[in-house]
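Undergrad: mmCIF, C-alpha atoms, file data30.cif:
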data_my_file
loop_
_atom_site.label_atom_id
_atom_site.label_comp_id
_atom_site.auth_asym_id
_atom_site.auth_seq_id
_atom_site.Cartn_x
_atom_site.Cartn_y
_atom_site.Cartn_z
CA MET A 15 105.76 58.77 92.51
CA ASP A 16 104.29 57.25 89.35
CA THR A 17 103.98 58.86 85.92
CA VAL A 18 100.32 59.84 86.38
CA GLU A 19 101.12 61.70 89.61
CA LYS A 20 104.08 63.42 87.94
CA ASN A 21 101.89 64.57 85.06
CA LEU A 22 99.21 65.84 87.47
CA LEU A 23 101.85 67.81 89.37
CA ILE A 24 103.32 69.24 86.15
CA GLY A 25 99.85 70.36 85.09
CA ALA A 26 99.07 71.95 88.46
CA PHE A 27 102.44 73.74 88.69
CA GLY A 28 102.19 74.83 85.05
CA THR A 29 98.78 76.40 85.64
CA GLY A 30 100.03 77.96 88.87
CA LEU A 31 103.06 79.42 87.08
CA VAL A 32 100.98 80.99 84.31
CA ALA A 33 98.64 82.42 86.97
CA SER A 34 101.59 83.77 88.94
CA GLY A 35 102.99 85.44 85.81
CA LEU A 36 99.66 87.18 85.30
CA GLU A 37 99.30 88.16 88.96
CA GLY A 38 102.96 89.11 89.34
CA TYR A 39 102.86 91.45 86.35
CA TYR A 40 99.70 93.14 87.64
CA ASP A 41 101.14 93.54 91.13
CA TYR A 42 104.39 94.93 89.70
CA THR A 43 102.53 97.57 87.72
CA VAL A 44 100.35 98.56 90.70
CA ALA A 45 103.35 98.81 93.03
CA SER A 46 105.38 100.81 90.50
CA GLY A 47 102.52 103.30 90.10
CA THR A 48 101.24 102.35 86.63
CA PRO A 49 98.31 99.98 87.30
CA LEU A 50 96.72 98.03 84.45
CA ARG A 51 93.25 98.38 85.90
CA ASP A 52 90.35 97.47 83.60
CA GLN A 53 92.70 96.26 80.88
CA PHE A 54 92.55 92.77 79.41
CA PRO A 55 92.80 90.30 81.15
CA TYR A 56 92.48 92.18 84.43
CA MET A 57 88.85 93.17 83.98
CA ILE A 58 86.18 92.10 86.38
CA ILE A 59 82.68 91.06 85.34
CA HIS A 60 81.24 91.16 88.86
CA PRO A 61 82.99 91.91 92.17
CA MET A 62 81.83 88.55 93.54
CA ILE A 63 83.55 86.46 90.87
CA PRO A 64 87.28 86.25 90.02
CA PRO A 65 88.82 88.45 87.28
CA VAL A 66 88.75 87.36 83.63
CA GLY A 67 92.44 86.43 83.77
CA ASP A 68 91.77 83.79 86.41
CA TRP A 69 89.02 82.24 84.29
CA ILE A 70 91.35 82.08 81.31
CA VAL A 71 94.22 80.52 83.26
CA CYS A 72 92.27 78.28 85.63
CA ALA A 73 89.50 77.10 83.30
CA LEU A 74 90.34 77.71 79.64
CA LEU A 75 94.00 76.66 79.86
CA PRO A 76 93.30 73.17 81.34
CA ALA A 77 90.32 72.78 78.99
CA GLY A 78 92.51 73.60 75.98
CA LEU A 79 95.19 71.20 77.17
CA TRP A 80 92.56 68.48 77.68
CA LEU A 81 91.16 68.98 74.17
CA MET A 82 94.66 68.93 72.73
CA GLY A 83 95.39 65.69 74.60
CA LYS A 84 92.17 64.12 73.36
CA TYR A 85 92.81 65.26 69.79
CA THR A 86 96.42 64.02 69.68
CA LYS A 87 95.52 60.95 71.80
CA LYS A 88 98.28 61.73 74.28
CA ALA A 89 97.40 60.47 77.74
CA SER A 90 100.14 62.57 79.36
CA LEU A 91 98.55 65.82 78.11
CA VAL A 92 95.14 64.74 79.41
CA GLN A 93 96.68 63.97 82.81
CA MET A 94 98.45 67.37 82.88
CA ALA A 95 95.12 69.02 82.00
CA LYS A 96 93.49 67.23 84.94
CA GLY A 97 96.25 68.46 87.29
CA GLY A 98 95.69 72.00 86.02
CA ALA A 99 91.94 71.61 86.36
CA ILE A 100 92.23 70.48 90.00
CA TYR A 101 94.34 73.57 90.78
CA GLY A 102 92.12 75.83 88.68
CA ALA A 103 88.76 74.62 89.98
CA SER A 104 89.94 74.85 93.59
CA GLU A 105 91.27 78.38 93.00
CA LEU A 106 88.10 79.62 91.30
CA ILE A 107 85.78 78.13 93.94
CA GLY A 108 87.90 79.32 96.89
CA GLN A 109 88.34 82.80 95.45
CA THR A 110 84.62 83.11 94.68
CA VAL A 111 83.76 82.20 98.29
CA TYR A 112 86.28 84.79 99.53
CA ARG A 113 84.92 87.47 97.20
CA VAL A 114 81.33 86.79 98.28
CA VAL A 115 82.39 87.13 101.94
CA ARG A 116 84.32 90.33 101.15
CA GLU A 117 81.49 91.96 99.23
CA SER A 118 79.03 91.15 102.01
CA GLN A 119 81.21 93.02 104.55
CA PRO A 120 81.31 96.80 104.89
CA ALA A 121 84.62 98.28 103.65
CA ALA A 122 85.20 99.78 107.10
CA ALA A 123 85.36 96.28 108.59
CA ARG A 124 88.66 95.53 106.84
CA TYR A 125 91.68 95.48 109.13
CA SER A 126 94.58 94.37 106.99
CA PRO A 127 96.48 96.73 104.70
CA MET A 128 98.08 93.63 103.11
CA ALA A 129 95.08 93.01 100.90
CA ARG A 130 96.46 94.60 97.76
CA GLY A 131 97.09 94.12 94.08
CA TYR A 132 95.58 91.44 91.91
CA SER A 133 93.65 89.57 94.56
CA VAL A 134 91.62 92.65 95.49
CA ILE A 135 90.59 93.78 92.00
CA ARG A 136 86.97 94.80 92.28
CA MET B 25 74.26 62.99 89.33
CA ASN B 26 75.41 62.68 85.71
CA LEU B 27 78.25 65.07 84.94
CA PRO B 28 79.15 65.86 81.32
CA ILE B 29 82.77 64.94 82.06
CA LYS B 30 83.44 61.58 83.63
CA ILE B 31 85.30 61.91 86.91
CA ASN B 32 86.52 58.73 88.52
CA PRO B 33 86.46 58.31 92.33
CA VAL B 34 90.20 58.99 92.66
CA GLU B 35 89.91 62.26 90.73
CA LYS B 36 86.96 63.26 92.94
CA LYS B 37 89.14 62.75 96.01
CA LEU B 38 91.97 64.76 94.43
CA LEU B 39 89.55 67.60 93.71
CA LEU B 40 88.20 67.42 97.24
CA GLY B 41 91.75 67.63 98.62
CA GLY B 42 92.43 70.69 96.44
CA LEU B 43 89.20 72.31 97.62
CA VAL B 44 90.11 71.73 101.28
CA THR B 45 93.41 73.58 100.81
CA SER B 46 91.79 76.32 98.73
CA LEU B 47 89.13 76.96 101.38
CA ALA B 48 91.83 76.95 104.08
CA TYR B 49 93.85 79.52 102.11
CA TRP B 50 90.97 81.87 101.26
CA GLY B 51 89.43 81.42 104.72
CA ASN B 52 92.76 82.52 106.18
CA ARG B 53 92.75 85.54 103.85
CA ALA B 54 89.24 86.53 104.94
CA MET B 55 90.15 86.10 108.62
CA ARG B 56 93.27 88.26 108.19
CA GLU B 57 91.27 91.05 106.64
CA TYR B 58 88.12 91.00 108.75
CA TYR B 59 89.00 89.49 112.13
CA PRO B 60 90.60 92.05 114.45
CA GLN B 61 92.19 89.43 116.74
CA TYR B 62 94.02 87.72 113.86
CA PRO B 63 97.48 86.80 115.26
CA ALA B 64 100.29 89.18 114.35
CA GLU B 65 102.67 86.23 113.89
CA LEU B 66 100.56 84.99 110.99
CA LYS B 67 100.44 88.47 109.47
CA GLY B 68 104.23 88.77 109.59
CA GLN B 69 106.61 87.77 106.81
CA LEU B 70 109.86 85.86 107.16
CA GLU B 71 111.26 87.93 104.31
CA PRO B 72 109.67 90.80 102.34
CA HIS B 73 109.65 88.73 99.13
CA LEU B 74 107.68 85.90 100.79
CA PRO B 75 103.91 85.90 101.37
CA PRO B 76 102.62 86.32 104.95
CA ASN B 77 103.24 83.36 107.25
CA GLY B 78 99.52 82.64 107.52
CA ASP B 79 99.25 82.22 103.74
CA ILE B 80 102.16 79.77 103.64
CA ILE B 81 100.85 77.77 106.60
CA SER B 82 97.30 77.59 105.19
CA CYS B 83 98.68 76.19 101.91
CA VAL B 84 101.21 73.76 103.36
CA ALA B 85 99.43 72.52 106.49
CA PRO B 86 96.50 70.68 104.82
CA PRO B 87 98.67 68.44 102.58
CA LEU B 88 101.12 67.76 105.40
CA GLY B 89 98.30 67.00 107.84
CA LEU B 90 96.63 64.67 105.37
CA TYR B 91 99.94 62.91 104.66
CA ALA B 92 100.36 62.42 108.42
CA VAL B 93 96.84 60.92 108.59
CA LYS B 94 97.76 58.62 105.72
CA LYS B 95 100.93 57.52 107.55
CA PHE B 96 99.03 56.58 110.67
CA THR B 97 95.88 55.12 109.16
CA LYS B 98 97.39 53.66 105.95
CA SER B 99 94.25 54.91 104.24
CA GLU B 100 94.18 55.21 100.45
CA LYS B 101 91.48 57.84 100.70
CA ALA B 102 93.70 60.04 102.89
CA ALA B 103 96.57 59.54 100.42
CA ASP B 104 94.41 60.76 97.52
CA LEU B 105 93.12 63.70 99.53
CA ALA B 106 96.70 64.60 100.53
CA PHE B 107 97.88 64.49 96.93
CA GLY B 108 94.93 66.63 95.84
CA ALA B 109 95.79 69.11 98.59
CA THR B 110 99.37 69.16 97.28
CA LEU B 111 98.13 69.91 93.76
CA TYR B 112 96.62 73.16 95.01
CA GLY B 113 98.77 74.10 98.02
CA PHE B 114 102.29 74.10 96.60
CA PRO B 115 101.54 75.85 93.28
CA GLN B 116 99.60 78.46 95.29
CA VAL B 117 102.60 79.14 97.56
CA LEU B 118 104.73 79.53 94.43
CA ARG B 119 102.18 81.88 92.89
CA LYS B 120 101.89 84.08 95.97
CA THR B 121 105.68 84.18 96.40
CA ILE B 122 106.14 85.37 92.81
CA ALA B 123 103.34 87.94 93.21
CA THR B 124 104.77 89.25 96.51
CA ALA B 125 108.28 89.45 95.05
CA ALA B 126 106.90 91.30 92.01
CA TRP B 127 105.15 93.76 94.35
CA VAL B 128 108.39 94.43 96.26
CA GLU B 129 110.35 94.92 93.03
CA GLY B 130 107.60 97.18 91.71
CA GLU B 131 107.86 99.37 94.79
CA LYS B 132 111.62 99.62 94.22
CA ALA B 133 111.04 100.64 90.60
CA LYS B 134 108.57 103.35 91.58
CA PRO B 135 110.02 106.80 90.84
CA ALA B 136 110.81 108.72 94.01
CA ALA B 137 108.51 111.58 94.92
CA ARG B 138 109.91 115.08 94.39
CA ILE B 139 111.14 116.60 97.62
CA ALA B 140 112.53 120.04 98.41
CA THR B 141 116.30 119.89 98.09
CA PRO B 142 118.77 121.95 100.19
CA MET B 143 119.78 123.77 96.97
CA ALA B 144 116.24 124.99 96.50
CA GLN B 145 116.07 126.19 100.06
CA ALA B 146 119.44 127.96 99.72
CA ARG B 147 117.99 130.33 97.11
CA TYR B 148 116.20 132.22 99.84
CA THR B 149 118.61 133.80 102.29
CA THR B 150 117.55 135.39 105.50
CA SER B 151 118.69 138.91 106.14
CA VAL B 152 118.07 141.48 108.83
CA PRO B 153 115.53 143.95 107.46
CA GLN B 154 116.79 147.51 107.23
CA THR B 155 114.73 149.96 109.17
CA THR B 156 113.74 152.89 107.00
CA ARG B 157 112.20 156.06 108.15
CA VAL B 158 108.88 156.88 106.74
CA ALA B 159 107.60 160.35 107.24
CA VAL B 160 103.94 160.33 107.81
CA THR B 161 101.96 163.49 107.46
CA PRO B 162 98.79 163.33 109.45
CA THR B 163 95.64 164.38 107.65
CA VAL B 164 92.16 164.47 108.95
CA GLY B 165 91.33 161.05 110.15
CA LYS B 166 93.86 159.41 107.84
CA TYR B 167 97.60 158.85 107.36
CA ARG B 168 99.33 159.50 104.09
CA LEU B 169 102.68 158.03 103.04
CA THR B 170 105.09 160.59 101.72
CA ALA B 171 108.30 158.58 101.24
#
Once you've parsed the file, please lay out its structure as structure tokens.

TA:
Amino acid sequence: MDTVEKNLLIGAFGTGLVASGLEGYYDYTVASGTPLRDQFPYMIIHPMIPPVGDWIVCALLPAGLWLMGKYTKKASLVQMAKGGAIYGASELIGQTVYRVVRESQPAAARYSPMARGYSVIR
Amino acid sequence: MNLPIKINPVEKKLLLGGLVTSLAYWGNRAMREYYPQYPAELKGQLEPHLPPNGDIISCVAPPLGLYAVKKFTKSEKAADLAFGATLYGFPQVLRKTIATAAWVEGEKAKPAARIATPMAQARYTTSVPQTTRVAVTPTVGKYRLTA
């Protein structure tokens, strides 16, 4: 594995870790009976698009890293930003498709009780 | 098409690989929730702190499949797609594992609901009611208690 691939992986895992911290904390609060619903960054603009937190982590975080890399002229930071952007863009697009499908279905059509927590904020 | 950010062909393939895994993951989620014949084995979990088996498979299978294609065909395109799939699939498994573990720990931290204890029930003892005589003086059309 070369340096570019390593940096891409670090960026993708870094973005994934920040996202998991956000999601994990929300899920913990919901499961322990004190949900953070409608609080920053767990608000939702529209049920068909991901919550604000996902936009911050999956779009703003890689963008900030990319700008920082460009400003400091560090190629490694730019590569990490690209890794994060690949994870983030895939997550936002996939989740948007899922949410559009979900919102187009009647609530009674849902079978699984496992849809819970952060990924079902609406 | 002119994009504001330059994306070279390799990065396009990486993004495409990530999208393939993402659509596999979220497609699996939608199937689990809305398809009644979704297999129970994929709904199950190996361990309560791990995400459902279907989620893990949908994140890990695309990169592994694409790496297998690369092995057989020696294609650079498949290699890039496989690496792009890895960039989404493995961080997503990590994310869902942390979220599931947080959910389980949150349920443990939830205060227990109040239930009636044996002590509370013991405050009320059963006893045989004493029969008492009550003299009733009949009046016209009515009874009147005198005791």

Undergrad: Once the PyMOL selection byres ((chain A) within 9 of (chain B)) has been evaluated on this model, what residues remain selected, and can you format them as a tab-separated table (two decimals) with C-alpha atoms, in the frame of the given file?

TA:
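Below is the file that was written, result36.tsv:
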chain	number	residue	atom	x	y	z
A	19	GLU	CA	101.12	61.70	89.61
A	22	LEU	CA	99.21	65.84	87.47
A	23	LEU	CA	101.85	67.81	89.37
A	25	GLY	CA	99.85	70.36	85.09
A	26	ALA	CA	99.07	71.95	88.46
A	27	PHE	CA	102.44	73.74	88.69
A	28	GLY	CA	102.19	74.83	85.05
A	29	THR	CA	98.78	76.40	85.64
A	30	GLY	CA	100.03	77.96	88.87
A	31	LEU	CA	103.06	79.42	87.08
A	32	VAL	CA	100.98	80.99	84.31
A	33	ALA	CA	98.64	82.42	86.97
A	34	SER	CA	101.59	83.77	88.94
A	35	GLY	CA	102.99	85.44	85.81
A	36	LEU	CA	99.66	87.18	85.30
A	37	GLU	CA	99.30	88.16	88.96
A	38	GLY	CA	102.96	89.11	89.34
A	39	TYR	CA	102.86	91.45	86.35
A	40	TYR	CA	99.70	93.14	87.64
A	41	ASP	CA	101.14	93.54	91.13
A	42	TYR	CA	104.39	94.93	89.70
A	43	THR	CA	102.53	97.57	87.72
A	44	VAL	CA	100.35	98.56	90.70
A	45	ALA	CA	103.35	98.81	93.03
A	46	SER	CA	105.38	100.81	90.50
A	47	GLY	CA	102.52	103.30	90.10
A	48	THR	CA	101.24	102.35	86.63
A	96	LYS	CA	93.49	67.23	84.94
A	97	GLY	CA	96.25	68.46	87.29
A	98	GLY	CA	95.69	72.00	86.02
A	99	ALA	CA	91.94	71.61	86.36
A	100	ILE	CA	92.23	70.48	90.00
A	101	TYR	CA	94.34	73.57	90.78
A	102	GLY	CA	92.12	75.83	88.68
A	103	ALA	CA	88.76	74.62	89.98
A	104	SER	CA	89.94	74.85	93.59
A	105	GLU	CA	91.27	78.38	93.00
A	106	LEU	CA	88.10	79.62	91.30
A	107	ILE	CA	85.78	78.13	93.94
A	108	GLY	CA	87.90	79.32	96.89
A	109	GLN	CA	88.34	82.80	95.45
A	111	VAL	CA	83.76	82.20	98.29
A	112	TYR	CA	86.28	84.79	99.53
A	113	ARG	CA	84.92	87.47	97.20
A	115	VAL	CA	82.39	87.13	101.94
A	116	ARG	CA	84.32	90.33	101.15
A	119	GLN	CA	81.21	93.02	104.55
A	123	ALA	CA	85.36	96.28	108.59
A	124	ARG	CA	88.66	95.53	106.84
A	125	TYR	CA	91.68	95.48	109.13
A	126	SER	CA	94.58	94.37	106.99
A	127	PRO	CA	96.48	96.73	104.70
A	128	MET	CA	98.08	93.63	103.11
A	129	ALA	CA	95.08	93.01	100.90
A	131	GLY	CA	97.09	94.12	94.08
A	132	TYR	CA	95.58	91.44	91.91

Undergrad: Can you work out the spacing between atom CA of A:Pro61 and atom CA of A:Val114 in Å, to one decimal?

TA: 8.1 Å

Undergrad: Box in all listed atoms of stretch 40-43 of chain B, axis-aligned, with 6 Å more on each side; write out centre and edge lengths in Å to one decimal as lines of an AutoDock Vina configuration file.

TA:
center_x = 90.3
center_y = 69.9
center_z = 97.5
size_x = 16.2
size_y = 16.9
size_z = 14.2

Undergrad: One decimal, in Å: what's the spacing between atom CA of B:Asn77 and atom CA of A:Val66?

TA: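 It comes out at 28.0 Å.
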
Undergrad: To one decimal place, how far is atom CA of A:Trp80 from atom CA of A:Val92 in Å?

TA: 4.9 Å

Undergrad: What would the selection look like, as a PyMOL selection string, if the PyMOL selection byres ((chain B and resi 101) around 12) were run on the coordinates I just shared?

TA: chain B and resi 33-38+40-41+90-91+93-95+97-100+102-108
